[in-house]
Each structure stands twice: as C-alpha cells, then as structure tokens.
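> Questions regarding the structure given below will be posed in turn.
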Amino acid sequence: MIIAFDDKKQYICANRAIKSQKYCCPGCQEQVILKVGDVNQPHFAHYSGTVCATFTENETAQHLSGKLQLAEKFKKYGHVQIEAVLPEINQRPDILITLKERKVAVEYQCSPISQKRLDERNAGYSSQNIQVIWILGQNYFEKSMTQKSIVKFWAQKKLTFYLPEKERFVYRKDFWKCDFERIHYLEWMSHSLFEGTTKTQGINFKIEKQIYKLQNLLIQKRVDERIVRYLYNKERLLLHAPLWMHKGHTFGLTIPNWHFRLLIMLLLERVGQENMVKKDDISNKLTKYLMGDDDFKHYQIALIFNDLEKNHYILQQGQHLLVRRLPNWHTSLSQKLCKMRDK
Ligand SMILES: [Zn+2]
C-alpha cells in the first residue's frame with residue numbers, strides 16, 4: 001500500500017514518508033513499515049503476523065507505480081484519494097474520485113481475480129452508489145485474454161488498460177470471434193481516461209473456410225450427434241444449412257457461432273413466416289448461450305437482431321419481431337457453394 005496514517009492521523013503518501021516516523025494502516029490501525037528501495041516504488045507493509053482484512057500485501061511494483069500515476073492523472077476530474085478505506089463495505093478501491101455529486105472507484109487490476117471476487121466488489125460499490133471502473137495492468141495487456149476473461153472486465157462496451165511504463169491508456173472494443181479463428185478487436189492508445197475513438201473496423205472472414213471446417217468436424221464426428229440426428233429427422237443435412245449460419249462472429253458464446261445461428265434459425269422457423277413474436281421470448285432462449293452479465297448478453301443479442309434485420313429475415317417493431325422470410329436451406333453442398341460464389 002502507498003498510503004498510511006502518521007501519528008497525527010493524517011494520510012501520508014509513501015514517497016513523502018520518513019523512515020524514523022511511525023505509521024499505521026488506515027484499515028486495521030496496526031503499525032506498518034516504510035519500505036524504500038532503489039528499484040521498488042516506496043510503499044508501506046504490515047509486519048509479518050498482522051492479519052489485515054483491508055489491505056493485502058502482494059502488490060507488485062507495477063501496481064504501486066501505476067496507482068500513483070493514475071491518481072495524478074485523475075486529479076483533473078475531482079478530488080482524488082488513493083486507497084481510501086470504505087468501512088461500510090470493508091473495501092479499499094485503489095483510487096476514489098469524488099466528483100460534484102457522485103463517486104467513482106477505480107480498481108487497477110494487475111493480478112488475476114475470480115468472477116466471484118469481482119462480483120462481490122462490484123456489489124459492494126453498487127450498494128454505496130459508487131460507480132466502478134476496472135483498469136487492467138500490463139500483465140493483462142500482454143497475455144492473450146480468453147473470451148471469458150474479456151467478458152469479465154467488459155464495461156461500457158470496452159476494456160481499459162493502463163501501462164505505467166508508457167504512461168498510456170489502451171482501449172479495446174468491437175470484439176468479434178468467428179469459429180475456428182482467433183479473437184479480433186479494435187485497439188487504440190490514449191493519454192486520458194474516457195477517451196473514445198471514431199474508428200470502426202470491418203469484419204472480414206472467409207465463409208468458405210467456415211463451411212469446410214464444419215465439414216471436417218462432421219467427418220471426424222466432432223459435431224454433437226443430437227444436432228445431426230435432429231436435422232436428419234427433418235430430412236435436413238447440417239451442411240445444407242443457409243449461408244447465414246456460417247457468417248457468425250458473435251463474441252462471448254459458450255457454443256460455436258454456427259450452432260448459435262442454427263438455433264436462431266430454428267426458433268424463427270417455429271414462429272413462422274409473417275408471424276410476430278415478442279423479442280424477449282427469443283432473447284430468453286438465447287441468453288443462456290452467452291457469457292457475461294445481462295448488459296453484455298443484451299448487447300450481443302441486439303447485434304444479432306440487427307444482423308437478421310439487415311438480411312431482411314426479420315423486422316424489429318418495438319418489443320416485437322416480425323418474421324419476414326426464413327433463410328433458405330440448400331439442396332446440396334455444391335448448389336450452396338455456387339450460390340456463395342455468385343454473390
Ligand atoms: Zn492493515
């Protein structure tokens with residue numbers, strides 16, 4: 001930790017503290033030691049054996065220096081406190097910004113955190129009406145994050161990183177993921193928080209590859225037998241499915257995109273052409289195949305509805321969908337590939 005109490009109960013930052021003075025932890029009130037080295041950021045540490053519920057000791061130099069840099073940068077937004085202790089919820093955000101009428105907690109996350117811990121912290125802040133921003137450290141920036149991990153920190157439609165060595169924020173948004181391919185996203189760098197971009201990116205993927213990869217899975221019997229059998233009973237083959245099924249790029253799915261889109265097509269078929277259905281009825285059947293919180297799920301489903309509408313399969317009317325026409329199943333794979341090449 002960077003902040004401790006001096007003997008007058010004043011908050012003191014470690015880089016202004018003196019070795020000969022006595023300092024206490026603002027959380028547990030126990031005495032702490034000032035640690036000053038050539039390499040590490042000056043910081044305070046509990047004596048071994050102290051059990052402190054508010055501060056954990058395993059902070060890296062990167063976390064400490066990043067926290068100080070961020071605090072400096074946030075001063076323009078309002079009153080900034082480093083490691084402010086919130087006794088009501090026994091939490092201590094890395095930085096607490098007090099603006100005119102609201103409070104924003106900033107968590108600078110450099111180490112792994114479980115979904116459960118993250119949810120608990122978010123719930124704590126929410127109970128105090130404090131908005132929270134998760135900013136990820138260098139480690140997260142450097143490793144390739146899984147979909148699950150990205151969805152965990154996804155907020156305001158993006159991920160935010162801070163790199164102390166470069167003194168820059170990095171943002172990632174517009175995540176998309178095709179089957180059999182890596183994760184794609186748009187990334188940009190900035191000096192300040194809350195900075196958007198006007199950039200957009202097109203999604204380019206090879207539909208032919210998607211078809212052949214799925215064909216391979218079928219040959220290797222790696223497609224759920226129940227799907228194949230279900231279609232067979234309806235005198236259909238998976239590879240004859242409409243081209244739309246292969247064009248999926250929805251991020252944060254727990255099943256492949258083709259499978260997700262197959263389910264959507266079957267749902268629309270059940271509604272039937274020129275019939276209306278409540279959007280929620282469809283959404284509720286799809287959300288279980290998505291990771292993340294309700295915000296994330298509804299955003300992804302809205303994107304899918306827009307995609308269906310763009311293809312003239314549905315028309316969105318307030319809380320309802322009208323099924324305009326159903327995607328065409330093909331009579332053979334060669335006919336389907338011809339159709340694809342015609343376009
Ligand atoms: Zn303590």
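By order in the structure tokens, chains are A, B, ...; within a chain, residues start at 1; ligands start at 1, following the order shown.
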Quick one: residues within 8 Å of ligand 1, with only C-alpha atoms and all ligand atoms, as a list in words?

Cys24, Cys25, Pro26, Gly27, Cys28, Gln29, Glu30, Val32, His46, Thr50, Val51, Cys52, Ala53, Thr54 and Phe55 of chain A

> Next, write the just-selected residues to a file, as a JSON list (two decimals), in the first residue's frame, keeping C-alpha atoms as the atom set.


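The file below, result39.json, is the result:
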[["chain", "number", "residue", "atom", "x", "y", "z"],
["A", 24, "CYS", "CA", -0.28, 2.96, 10.84],
["A", 25, "CYS", "CA", -2.51, 1.06, 8.43],
["A", 26, "PRO", "CA", -5.72, 3.02, 7.71],
["A", 27, "GLY", "CA", -7.61, -0.29, 7.62],
["A", 28, "CYS", "CA", -6.59, -2.29, 10.72],
["A", 29, "GLN", "CA", -4.77, 0.57, 12.56],
["A", 30, "GLU", "CA", -1.73, -1.68, 13.14],
["A", 32, "VAL", "CA", 3.32, -0.62, 9.31],
["A", 46, "HIS", "CA", 2.39, -4.76, 7.54],
["A", 50, "THR", "CA", -0.53, -8.95, 11.22],
["A", 51, "VAL", "CA", -3.92, -10.05, 9.90],
["A", 52, "CYS", "CA", -5.42, -7.20, 7.92],
["A", 53, "ALA", "CA", -8.78, -7.53, 6.22],
["A", 54, "THR", "CA", -8.48, -4.37, 4.17],
["A", 55, "PHE", "CA", -5.01, -4.45, 2.64]]

> Using only C-alpha atoms, which protein or nucleic acid residues come within 12 Å of range 203-212 of chain A? Drop anything in the same chain fewer than 6 positions from it, and give the result as a PyMOL selection string.

chain A and resi 174-186+218-219+238-250+256-258+333-334+336-341+343

> Near Gln41 in chain A, within 9 Å and counting only C-alpha atoms, which residues show up once chain neighbours fewer than 2 positions away are dropped, as a PyMOL selection string?

chain A and resi 2+14-15+35-39+43+61-62+64-65

> From a backbone DSSP assignment, name each residue in range 34-223 of chain A labelled strand (DSSP E or B), as a PyMOL selection string.

chain A and resi 34-35+43-46+79-82+86+91+95-98+103-109+130-136+155+158-163+168-177+183-190

> Please produce a file of those selected residues containing C-alpha atoms, as a PDB file, in the first residue's frame.


ATOM      1  CA  LEU A  34       8.033   2.037   5.323  1.00  0.00           C
ATOM      2  CA  LYS A  35       9.894   0.246   2.545  1.00  0.00           C
ATOM      3  CA  HIS A  43       5.438   1.629  -0.046  1.00  0.00           C
ATOM      4  CA  PHE A  44       4.188   0.545   3.374  1.00  0.00           C
ATOM      5  CA  ALA A  45       3.933  -3.053   4.526  1.00  0.00           C
ATOM      6  CA  HIS A  46       2.387  -4.765   7.543  1.00  0.00           C
ATOM      7  CA  HIS A  79     -10.983  15.081  -5.503  1.00  0.00           C
ATOM      8  CA  VAL A  80      -8.721  12.026  -5.606  1.00  0.00           C
ATOM      9  CA  GLN A  81      -7.972   9.651  -2.724  1.00  0.00           C
ATOM     10  CA  ILE A  82      -5.531   6.783  -3.005  1.00  0.00           C
ATOM     11  CA  LEU A  86     -14.686   2.366   2.861  1.00  0.00           C
ATOM     12  CA  GLN A  91     -13.342  -2.291   0.717  1.00  0.00           C
ATOM     13  CA  ILE A  95      -8.380   5.248  -6.202  1.00  0.00           C
ATOM     14  CA  LEU A  96     -11.575   7.010  -5.224  1.00  0.00           C
ATOM     15  CA  ILE A  97     -12.574  10.071  -7.239  1.00  0.00           C
ATOM     16  CA  THR A  98     -15.193  12.362  -5.726  1.00  0.00           C
ATOM     17  CA  LYS A 103     -18.136   8.915  -6.502  1.00  0.00           C
ATOM     18  CA  VAL A 104     -16.121   6.771  -8.848  1.00  0.00           C
ATOM     19  CA  ALA A 105     -13.924   3.929  -7.624  1.00  0.00           C
ATOM     20  CA  VAL A 106     -11.022   2.893  -9.810  1.00  0.00           C
ATOM     21  CA  GLU A 107      -9.659  -0.622  -9.459  1.00  0.00           C
ATOM     22  CA  TYR A 108      -6.279  -1.016 -11.107  1.00  0.00           C
ATOM     23  CA  GLN A 109      -6.182  -4.756 -11.599  1.00  0.00           C
ATOM     24  CA  ILE A 130     -20.300   4.243  -6.191  1.00  0.00           C
ATOM     25  CA  GLN A 131     -19.570   3.742  -9.863  1.00  0.00           C
ATOM     26  CA  VAL A 132     -16.591   1.475 -10.514  1.00  0.00           C
ATOM     27  CA  ILE A 133     -14.081   1.415 -13.345  1.00  0.00           C
ATOM     28  CA  TRP A 134     -11.794  -1.574 -13.770  1.00  0.00           C
ATOM     29  CA  ILE A 135      -8.491  -0.719 -15.381  1.00  0.00           C
ATOM     30  CA  LEU A 136      -6.252  -3.629 -16.310  1.00  0.00           C
ATOM     31  CA  ALA A 155     -17.805  -2.470 -19.373  1.00  0.00           C
ATOM     32  CA  LYS A 158     -14.846  -1.890 -23.986  1.00  0.00           C
ATOM     33  CA  LEU A 159     -11.787  -2.924 -21.958  1.00  0.00           C
ATOM     34  CA  THR A 160      -9.467  -0.326 -20.453  1.00  0.00           C
ATOM     35  CA  PHE A 161      -5.778  -0.899 -19.728  1.00  0.00           C
ATOM     36  CA  TYR A 162      -3.107   1.325 -18.216  1.00  0.00           C
ATOM     37  CA  LEU A 163       0.573   0.796 -18.975  1.00  0.00           C
ATOM     38  CA  ARG A 168      -0.729   5.491 -21.604  1.00  0.00           C
ATOM     39  CA  PHE A 169      -4.222   4.072 -21.540  1.00  0.00           C
ATOM     40  CA  VAL A 170      -5.075   1.394 -24.061  1.00  0.00           C
ATOM     41  CA  TYR A 171      -8.639   0.620 -25.088  1.00  0.00           C
ATOM     42  CA  ARG A 172     -10.041  -2.415 -26.817  1.00  0.00           C
ATOM     43  CA  LYS A 173     -13.539  -2.657 -28.226  1.00  0.00           C
ATOM     44  CA  ASP A 174     -15.617  -4.215 -31.031  1.00  0.00           C
ATOM     45  CA  PHE A 175     -14.651  -7.721 -30.062  1.00  0.00           C
ATOM     46  CA  TRP A 176     -15.653 -10.392 -32.542  1.00  0.00           C
ATOM     47  CA  LYS A 177     -14.901 -14.039 -32.885  1.00  0.00           C
ATOM     48  CA  ILE A 183     -10.350 -13.145 -31.296  1.00  0.00           C
ATOM     49  CA  HIS A 184     -10.415  -9.826 -33.153  1.00  0.00           C
ATOM     50  CA  TYR A 185     -10.791  -6.342 -31.707  1.00  0.00           C
ATOM     51  CA  LEU A 186     -10.106  -2.698 -32.306  1.00  0.00           C
ATOM     52  CA  GLU A 187      -7.337  -1.207 -30.166  1.00  0.00           C
ATOM     53  CA  TRP A 188      -6.163   2.330 -29.601  1.00  0.00           C
ATOM     54  CA  MET A 189      -3.957   4.255 -27.210  1.00  0.00           C
ATOM     55  CA  SER A 190      -4.637   7.464 -25.374  1.00  0.00           C
TER      56      SER A 190
END

> What's the 8 Å shell around Val151 in chain A, counting only C-alpha atoms, without same-chain residues fewer than 4 positions away, as a ChimeraX atom specification?

/A:147,252,291-292,296

> Can you pull out the residues contacting range 262-277 of chain A? Cut-off 7 Å, using only C-alpha atoms, and skip same-chain residues under 6 positions away; I want them as a list in words.

Met245, His320, Leu321, Leu322, Val323, Arg324, Arg325 and Leu326 of chain A

> Could you check the closest approach to Lys279 in chain A for each of A:Ile255, A:Arg16, A:Gln201, A:Gly318 and tell me which residue wins, using only C-alpha atoms?

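Of A:Ile255, A:Arg16, A:Gln201, A:Gly318, the one nearest Lys279 in chain A is A:Gly318, counting only C-alpha atoms.
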
> If you run DSSP on the backbone here, which positions in range 32-151 of chain A get helix (DSSP H, G or I)? Please write them as a VMD selection string.

chain A and resid 61 to 74 115 to 127 138 to 142 147 to 151

> Rounded to one decimal place, report the CA of Leu303 in chain A-CA of Lys199 in chain A distance in Å.

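Separation between CA of Leu303 in chain A and CA of Lys199 in chain A: 18.2 Å.
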
> List the neighbours of range 284-288 of chain A out to 7 Å using only C-alpha atoms; skip same-chain residues closer than 3 positions along the sequence, and give me the result as a JSON list (two decimals) with N, CA and C atoms, in the first residue's frame.


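Contents of result03.json, freshly written:
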[["chain", "number", "residue", "atom", "x", "y", "z"],
["A", 280, "ASP", "N", -38.43, -10.59, -26.32],
["A", 280, "ASP", "CA", -37.97, -11.25, -25.09],
["A", 280, "ASP", "C", -38.07, -12.77, -25.16],
["A", 281, "ASP", "N", -39.11, -13.25, -25.86],
["A", 281, "ASP", "CA", -39.27, -14.71, -25.97],
["A", 281, "ASP", "C", -38.06, -15.33, -26.67],
["A", 297, "LYS", "N", -24.98, -9.59, -22.46],
["A", 297, "LYS", "CA", -25.86, -10.51, -23.21],
["A", 297, "LYS", "C", -26.83, -9.74, -24.09]]
